[in-house]
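**Student:** Below you'll find target_20.cif; it's mmCIF, C-alpha atoms.
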data_my_file
#
loop_
_atom_site.label_atom_id
_atom_site.label_comp_id
_atom_site.auth_asym_id
_atom_site.auth_seq_id
_atom_site.Cartn_x
_atom_site.Cartn_y
_atom_site.Cartn_z
CA MET A 9 93.82 159.74 113.38
CA ARG A 10 91.96 161.63 116.13
CA TYR A 11 92.04 165.35 116.75
CA ASP A 12 89.97 165.49 119.96
CA THR A 13 92.55 167.47 121.94
CA ASP A 14 92.92 169.97 119.12
CA THR A 15 89.15 170.37 118.64
CA HIS A 16 88.77 170.83 122.39
CA ALA A 17 91.40 173.58 122.47
CA ILE A 18 89.72 175.48 119.61
CA ALA A 19 86.25 175.16 121.18
CA VAL A 20 87.47 176.33 124.60
CA ALA A 21 89.35 179.26 123.05
CA HIS A 22 86.13 180.50 121.42
CA GLY A 23 83.93 179.93 124.46
CA HIS A 24 81.72 177.38 122.67
CA ALA A 25 82.91 174.18 124.33
CA THR A 26 80.43 171.61 125.63
CA PHE A 27 81.19 169.41 128.65
CA MET A 28 82.52 166.90 126.09
CA GLY A 29 85.04 169.47 124.90
CA LEU A 30 83.44 169.71 121.46
CA ASP A 31 82.27 172.88 119.78
CA SER A 32 78.57 173.30 120.64
CA ARG A 33 77.79 174.99 117.30
CA LYS A 34 79.25 172.10 115.36
CA MET A 35 77.51 169.54 117.57
CA ALA A 36 74.15 171.29 117.12
CA PHE A 37 74.69 171.45 113.37
CA TRP A 38 75.45 167.73 113.13
CA ALA A 39 72.21 167.07 115.05
CA PHE A 40 70.39 169.30 112.52
CA ILE A 41 71.94 167.36 109.63
CA GLY A 42 70.76 164.14 111.32
CA SER A 43 67.20 165.50 111.34
CA GLU A 44 67.56 166.45 107.69
CA CYS A 45 68.44 162.81 106.93
CA LEU A 46 65.01 161.86 108.26
CA LEU A 47 63.29 164.56 106.19
CA PHE A 48 64.92 163.44 102.95
CA GLY A 49 64.50 159.78 103.95
CA SER A 50 60.73 160.38 104.13
CA LEU A 51 60.64 162.16 100.77
CA ILE A 52 62.74 159.45 99.06
CA SER A 53 60.49 156.77 100.62
CA THR A 54 57.42 158.52 99.22
CA TYR A 55 59.00 158.72 95.76
CA LEU A 56 59.91 155.02 95.82
CA VAL A 57 56.55 153.86 97.17
CA TYR A 58 54.72 155.63 94.31
CA LYS A 59 57.31 154.73 91.68
CA GLY A 60 55.71 153.21 88.58
CA ARG A 61 52.17 153.89 89.88
CA SER A 62 51.31 156.78 87.56
CA LEU A 63 48.18 156.12 85.52
CA VAL A 64 48.91 158.82 82.94
CA GLY A 65 52.12 160.18 81.40
CA PRO A 66 54.59 161.69 81.02
CA TYR A 67 56.56 158.83 82.58
CA PRO A 68 60.14 159.11 83.92
CA HIS A 69 61.81 157.31 80.99
CA GLU A 70 60.08 159.66 78.53
CA ILE A 71 61.14 162.89 80.16
CA LEU A 72 64.31 162.58 82.28
CA ASN A 73 67.47 163.88 80.61
CA ILE A 74 70.44 161.86 81.94
CA PRO A 75 73.31 163.72 80.16
CA PHE A 76 72.01 167.06 81.43
CA THR A 77 71.54 165.80 85.00
CA SER A 78 74.98 164.18 84.90
CA PHE A 79 76.40 167.64 84.22
CA SER A 80 74.43 169.03 87.20
CA THR A 81 75.85 166.23 89.37
CA PHE A 82 79.39 167.03 88.19
CA ASP A 83 78.73 170.72 88.92
CA LEU A 84 77.61 170.00 92.50
CA LEU A 85 80.56 167.67 93.13
CA MET A 86 82.95 170.39 91.97
CA SER A 87 81.19 172.89 94.24
CA SER A 88 81.94 170.57 97.18
CA LEU A 89 85.60 170.56 96.17
CA ALA A 90 85.58 174.38 95.98
CA MET A 91 83.99 174.48 99.45
CA VAL A 92 86.71 172.39 101.12
CA LEU A 93 89.37 174.47 99.35
CA ALA A 94 87.68 177.64 100.69
CA LEU A 95 87.70 176.22 104.23
CA ALA A 96 91.35 175.16 103.97
CA ALA A 97 92.31 178.64 102.70
CA VAL A 98 90.40 180.44 105.50
CA GLN A 99 91.92 178.15 108.13
CA ARG A 100 95.46 178.98 107.02
CA GLY A 101 94.63 182.69 106.79
CA ASP A 102 94.87 182.91 102.98
CA MET A 103 91.81 185.12 102.59
CA ARG A 104 92.49 185.93 98.92
CA ARG A 105 91.98 182.27 97.99
CA GLY A 106 89.30 181.90 100.67
CA LYS A 107 87.20 184.61 99.01
CA LEU A 108 87.82 183.15 95.56
CA TRP A 109 86.75 179.60 96.48
CA LEU A 110 83.71 180.80 98.44
CA PHE A 111 82.58 182.71 95.36
CA VAL A 112 83.28 179.74 93.07
CA THR A 113 81.20 177.49 95.39
CA ALA A 114 78.27 179.92 95.31
CA LEU A 115 78.60 180.31 91.54
CA LEU A 116 78.52 176.53 90.97
CA GLY A 117 75.46 176.39 93.25
CA LEU A 118 73.80 179.04 91.08
CA VAL A 119 74.65 177.02 87.94
CA PHE A 120 72.97 173.99 89.54
CA LEU A 121 69.87 176.07 90.38
CA GLY A 122 69.77 177.45 86.82
CA GLY A 123 69.87 173.88 85.52
CA GLN A 124 67.05 172.87 87.81
CA TYR A 125 64.96 175.87 86.67
CA TRP A 126 65.55 174.90 83.04
CA GLU A 127 64.69 171.25 83.78
CA PHE A 128 61.46 172.12 85.60
CA SER A 129 60.42 174.58 82.84
CA HIS A 130 61.12 171.94 80.21
CA PHE A 131 59.06 169.33 82.10
CA VAL A 132 56.12 171.73 82.48
CA ARG A 133 56.24 172.43 78.73
CA GLU A 134 56.22 168.66 78.15
CA GLY A 135 53.04 168.43 80.23
CA LEU A 136 54.38 167.29 83.62
CA GLY A 137 52.96 169.47 86.38
CA LEU A 138 52.82 169.01 90.14
CA THR A 139 49.36 167.41 89.94
CA THR A 140 49.64 165.64 86.57
CA ASN A 141 50.43 162.21 88.03
CA LEU A 142 52.13 160.50 90.99
CA PHE A 143 55.54 160.81 89.32
CA GLY A 144 55.10 164.58 88.91
CA SER A 145 53.97 165.09 92.52
CA THR A 146 56.72 163.03 94.13
CA PHE A 147 59.44 164.21 91.71
CA TYR A 148 58.76 167.93 92.14
CA VAL A 149 58.41 167.70 95.93
CA LEU A 150 61.66 165.71 96.35
CA THR A 151 63.86 167.63 93.89
CA GLY A 152 62.15 170.94 94.76
CA THR A 153 62.93 170.48 98.48
CA HIS A 154 66.53 169.75 97.54
CA GLY A 155 66.58 172.84 95.30
CA ALA A 156 65.25 174.95 98.19
CA HIS A 157 68.14 173.68 100.31
CA VAL A 158 70.62 174.60 97.56
CA THR A 159 69.07 178.09 97.40
CA VAL A 160 69.55 178.56 101.16
CA GLY A 161 73.14 177.33 100.77
CA VAL A 162 73.89 179.79 97.96
CA ILE A 163 72.48 182.71 99.99
CA TRP A 164 74.55 181.57 103.00
CA LEU A 165 77.72 181.31 100.87
CA LEU A 166 77.21 184.72 99.29
CA THR A 167 76.68 186.22 102.76
CA LEU A 168 80.00 184.73 103.88
CA TRP A 169 81.67 185.98 100.70
CA VAL A 170 80.42 189.54 101.33
CA GLN A 171 81.65 189.28 104.93
CA ALA A 172 85.04 188.18 103.61
CA LEU A 173 85.12 191.10 101.14
CA ARG A 174 84.48 193.48 104.04
CA GLY A 175 87.34 191.92 105.97
CA LYS A 176 85.04 190.45 108.63
CA LEU A 177 85.96 186.84 107.92
CA GLY A 178 89.29 185.36 108.94
CA PRO A 179 90.91 182.31 110.52
CA ALA A 180 89.15 183.19 113.81
CA ASN A 181 85.81 182.54 112.05
CA ALA A 182 86.92 179.30 110.42
CA MET A 183 84.24 177.36 112.35
CA THR A 184 81.53 179.45 110.64
CA VAL A 185 82.95 178.46 107.24
CA GLU A 186 83.25 174.82 108.37
CA ILE A 187 79.57 174.71 109.42
CA THR A 188 78.56 176.29 106.11
CA GLY A 189 80.64 173.59 104.43
CA LEU A 190 78.88 170.84 106.40
CA TYR A 191 75.54 172.13 105.12
CA TRP A 192 76.79 172.40 101.56
CA HIS A 193 78.30 168.89 101.54
CA PHE A 194 75.09 167.49 103.00
CA VAL A 195 73.16 169.04 100.09
CA ASP A 196 75.70 167.34 97.81
CA VAL A 197 75.31 163.86 99.38
CA VAL A 198 71.51 164.17 99.16
CA TRP A 199 71.88 164.89 95.44
CA ILE A 200 74.17 161.85 95.06
CA VAL A 201 71.28 159.71 96.35
CA ILE A 202 68.60 161.53 94.29
CA PHE A 203 70.66 161.22 91.10
CA THR A 204 70.83 157.44 91.53
CA VAL A 205 67.34 156.75 92.88
CA VAL A 206 65.34 159.13 90.67
CA TYR A 207 67.37 159.53 87.48
CA LEU A 208 69.43 156.38 86.97
CA ILE A 209 67.13 153.72 88.46
CA GLN A 210 64.04 154.32 86.35
CA MET Y 7 98.31 162.04 103.10
CA SER Y 8 101.67 161.82 104.83
CA GLY Y 9 102.05 161.78 108.60
CA GLN Y 10 104.06 165.00 108.43
CA GLU Y 11 101.24 166.79 106.58
CA GLU Y 12 98.68 165.53 109.11
CA ARG Y 13 100.85 166.71 112.02
CA GLY Y 14 101.15 170.10 110.32
CA ASN Y 15 97.39 170.32 110.20
CA VAL Y 16 97.03 169.46 113.87
CA GLU Y 17 99.58 172.06 114.92
CA SER Y 18 97.80 174.75 112.90
CA GLY Y 19 94.43 173.80 114.36
CA GLN Y 20 93.07 172.21 111.16
CA ALA Y 21 91.63 168.79 111.86
CA HIS Y 22 91.25 168.03 108.15
CA ALA Y 23 92.85 166.40 105.14
CA THR Y 24 95.30 168.15 102.79
CA THR Y 25 94.50 169.84 99.49
CA GLY Y 26 96.04 166.88 97.66
CA THR Y 27 93.62 164.51 99.39
CA TYR Y 28 90.66 166.76 98.50
CA LEU Y 29 91.71 166.76 94.84
CA ARG Y 30 92.15 162.97 94.77
CA VAL Y 31 88.71 162.48 96.34
CA ALA Y 32 87.18 164.86 93.75
CA ALA Y 33 88.83 162.88 90.93
CA ILE Y 34 87.45 159.59 92.33
CA LEU Y 35 83.96 161.12 92.66
CA VAL Y 36 84.01 162.28 89.04
CA ILE Y 37 85.27 158.89 87.80
CA ILE Y 38 82.53 157.08 89.74
CA THR Y 39 79.90 159.43 88.26
CA PHE Y 40 81.19 158.62 84.75
CA ILE Y 41 80.99 154.90 85.58
CA GLU Y 42 77.42 155.32 86.89
CA VAL Y 43 76.28 157.01 83.69
CA GLY Y 44 78.20 154.46 81.59
CA VAL Y 45 76.59 151.54 83.42
CA PHE Y 46 73.18 153.14 82.84
CA TYR Y 47 73.69 153.13 79.05
CA VAL Y 48 75.26 149.66 78.67
CA PRO Y 49 72.52 147.05 78.03
CA ALA Y 50 74.71 144.21 79.39
CA PHE Y 51 74.55 145.76 82.87
CA GLN Y 52 70.72 145.97 82.95
CA PRO Y 53 70.19 142.80 85.06
CA ALA Y 54 72.57 144.07 87.76
CA LEU Y 55 71.87 147.79 87.26
CA VAL Y 56 70.17 148.52 90.60
CA PRO Y 57 72.72 146.88 92.96
CA VAL Y 58 75.67 148.29 90.96
CA LEU Y 59 74.26 151.84 90.98
CA LEU Y 60 73.34 151.67 94.68
CA PHE Y 61 76.86 150.45 95.51
CA LEU Y 62 78.52 153.23 93.48
CA SER Y 63 76.23 155.82 95.03
CA ALA Y 64 77.08 154.54 98.53
CA VAL Y 65 80.81 154.82 97.76
CA LYS Y 66 80.38 158.46 96.64
CA PHE Y 67 78.25 159.25 99.69
CA THR Y 68 80.85 157.73 102.03
CA LEU Y 69 83.77 159.57 100.41
CA VAL Y 70 82.07 162.98 100.74
CA VAL Y 71 81.05 162.33 104.35
CA LEU Y 72 84.45 160.98 105.43
CA PHE Y 73 86.74 163.47 103.67
CA TYR Y 74 84.76 166.62 102.80
CA MET Y 75 82.62 166.58 105.97
CA HIS Y 76 85.74 165.45 107.91
CA LEU Y 77 84.10 162.60 109.83
CA LYS Y 78 87.21 160.49 109.21
CA PHE Y 79 89.25 162.94 111.27
CA ASP Y 80 86.71 164.40 113.67
CA ASN Y 81 85.41 163.22 117.03
CA ARG Y 82 83.42 159.96 116.90
CA PHE Y 83 80.46 161.65 118.55
CA PHE Y 84 79.77 163.58 115.33
CA SER Y 85 79.66 160.26 113.46
CA PHE Y 86 77.11 159.05 115.99
CA LEU Y 87 75.00 162.22 115.60
CA PHE Y 88 74.95 161.72 111.82
CA GLY Y 89 75.01 157.92 111.58
CA GLY Y 90 72.16 157.32 114.05
CA PRO Y 91 69.50 159.32 112.17
CA LEU Y 92 70.92 158.11 108.84
CA LEU Y 93 70.37 154.48 109.86
CA LEU Y 94 66.89 155.39 111.11
CA ALA Y 95 66.11 157.09 107.77
CA MET Y 96 67.31 153.99 105.88
CA ALA Y 97 65.12 151.81 108.13
CA VAL Y 98 62.13 154.06 107.34
CA VAL Y 99 62.76 153.74 103.58
CA ILE Y 100 63.14 149.94 103.71
CA SER Y 101 60.16 149.47 106.08
CA LEU Y 102 57.85 151.60 103.95
CA LEU Y 103 58.87 149.73 100.80
CA PHE Y 104 58.18 146.36 102.47
CA LEU Y 105 54.89 147.62 103.93
CA PHE Y 106 53.67 149.06 100.63
CA TYR Y 107 54.69 146.23 98.34
CA GLY Y 108 53.65 143.61 100.94
CA ALA Y 109 50.18 145.17 101.17
CA LEU Y 110 50.01 145.37 97.38
CA ARG Y 111 50.84 141.64 97.06
CA LEU Y 112 48.16 140.74 99.61
CA ARG Y 113 45.57 142.83 97.76
CA THR Y 114 46.39 141.52 94.30
CA GLY Y 115 47.23 137.96 95.43
CA THR Y 116 50.49 137.91 93.42
#
Starting from the file, give its structure as structure tokens.

**Tutor:**
Amino acid sequence: MRYDTDTHAIAVAHGHATFMGLDSRKMAFWAFIGSECLLFGSLISTYLVYKGRSLVGPYPHEILNIPFTSFSTFDLLMSSLAMVLALAAVQRGDMRRGKLWLFVTALLGLVFLGGQYWEFSHFVREGLGLTTNLFGSTFYVLTGTHGAHVTVGVIWLLTLWVQALRGKLGPANAMTVEITGLYWHFVDVVWIVIFTVVYLIQ
Amino acid sequence: MSGQEERGNVESGQAHATTGTYLRVAAILVIITFIEVGVFYVPAFQPALVPVLLFLSAVKFTLVVLFYMHLKFDNRFFSFLFGGPLLLAMAVVISLLFLFYGALRLRTGT
């Protein structure tokens, strides 16, 4: 089912329509997400190319904790659910639920970041640093870049939440929440790939 | 999602799925994650582990992009803006793997 006419009407109403009738902010953000695909594609390529080439340990199978990372994956998937519920609530003008789900999304993002901090600290204690071996270098750069993206997302979500608390966020700003959601879901899909490529395929 | 619910969304300016659809997608994503972890621990799956895990990961990726990022309902141009670079990124990954392992085979003669 297509919603082109509807999208066009919303974009025109807010003065952000392109000649295609699409919202320019959303179009620009999709182009940004496309460029991010290339960034993470390069980092994943680097990880795969150097996979199994470490001359000294610790090696992935000795150090990666699958049950713990599975919980982090579950946490991020639930944060994506909270994000779409926040967007749906803001779009229908239910700001009480909108604020709640925005906060829950940010909170789940913080839980993920806490898990990553614990994981990195544990690995360093086990002797895996950034320059220990090829696994350490490629692992920290890939997952660290993803973590940096999650951090930006959490700050963005908390900013929106504060705006909502001050009454500055409503159905008229639904596109802002939608773009935040696009970023957050992209961070989620990148993790879906990392979880499989780095953690499960050892 | 029923046609009536979808029409309701269009009229209210929400080009997206319903809450029920979001919850169903979340349930499927969690189930697939459980299957992924289960497959990882079952020795019988080891010979087919990589293709099975890549397939399950691709299903999760597609579900999030289609329903949570709304590409299923949005203008096709957004799919092009995302799909084009995504295909290019996949081509980069595959090309680099072929280049690296091809060069390695030539060097080692295996």

**Student:** Output as a tab-separated table (two decimals) with C-alpha atoms, in the frame of the given file the set of chain Y residues within 8 Å of chain A, with distances taken over all atoms listed in the file.

**Tutor:**
chain	number	residue	atom	x	y	z
Y	16	VAL	CA	97.03	169.46	113.87
Y	18	SER	CA	97.80	174.75	112.90
Y	19	GLY	CA	94.43	173.80	114.36
Y	20	GLN	CA	93.07	172.21	111.16
Y	21	ALA	CA	91.63	168.79	111.86
Y	25	THR	CA	94.50	169.84	99.49
Y	28	TYR	CA	90.66	166.76	98.50
Y	29	LEU	CA	91.71	166.76	94.84
Y	32	ALA	CA	87.18	164.86	93.75
Y	35	LEU	CA	83.96	161.12	92.66
Y	36	VAL	CA	84.01	162.28	89.04
Y	39	THR	CA	79.90	159.43	88.26
Y	43	VAL	CA	76.28	157.01	83.69
Y	46	PHE	CA	73.18	153.14	82.84
Y	55	LEU	CA	71.87	147.79	87.26
Y	56	VAL	CA	70.17	148.52	90.60
Y	59	LEU	CA	74.26	151.84	90.98
Y	60	LEU	CA	73.34	151.67	94.68
Y	63	SER	CA	76.23	155.82	95.03
Y	66	LYS	CA	80.38	158.46	96.64
Y	67	PHE	CA	78.25	159.25	99.69
Y	70	VAL	CA	82.07	162.98	100.74
Y	71	VAL	CA	81.05	162.33	104.35
Y	74	TYR	CA	84.76	166.62	102.80
Y	75	MET	CA	82.62	166.58	105.97
Y	78	LYS	CA	87.21	160.49	109.21
Y	79	PHE	CA	89.25	162.94	111.27
Y	80	ASP	CA	86.71	164.40	113.67
Y	81	ASN	CA	85.41	163.22	117.03
Y	84	PHE	CA	79.77	163.58	115.33
Y	87	LEU	CA	75.00	162.22	115.60
Y	88	PHE	CA	74.95	161.72	111.82
Y	89	GLY	CA	75.01	157.92	111.58
Y	90	GLY	CA	72.16	157.32	114.05
Y	91	PRO	CA	69.50	159.32	112.17
Y	92	LEU	CA	70.92	158.11	108.84
Y	94	LEU	CA	66.89	155.39	111.11
Y	95	ALA	CA	66.11	157.09	107.77
Y	96	MET	CA	67.31	153.99	105.88
Y	98	VAL	CA	62.13	154.06	107.34
Y	99	VAL	CA	62.76	153.74	103.58
Y	100	ILE	CA	63.14	149.94	103.71
Y	102	LEU	CA	57.85	151.60	103.95
Y	103	LEU	CA	58.87	149.73	100.80
Y	106	PHE	CA	53.67	149.06	100.63
Y	107	TYR	CA	54.69	146.23	98.34

**Student:** Please, what distance in Å, to one decimal, runs between atom CA of Y:His22 and atom CA of A:Ala156?

**Tutor:** 28.7 Å

**Student:** Convert the output of the PyMOL selection byres ((chain A and resi 116) around 8) on the shown file into explicit residues, formatted as JSON, numbers by chain.

**Tutor:** {"A": [83, 84, 86, 87, 112, 113, 114, 115, 117, 118, 119, 120]}
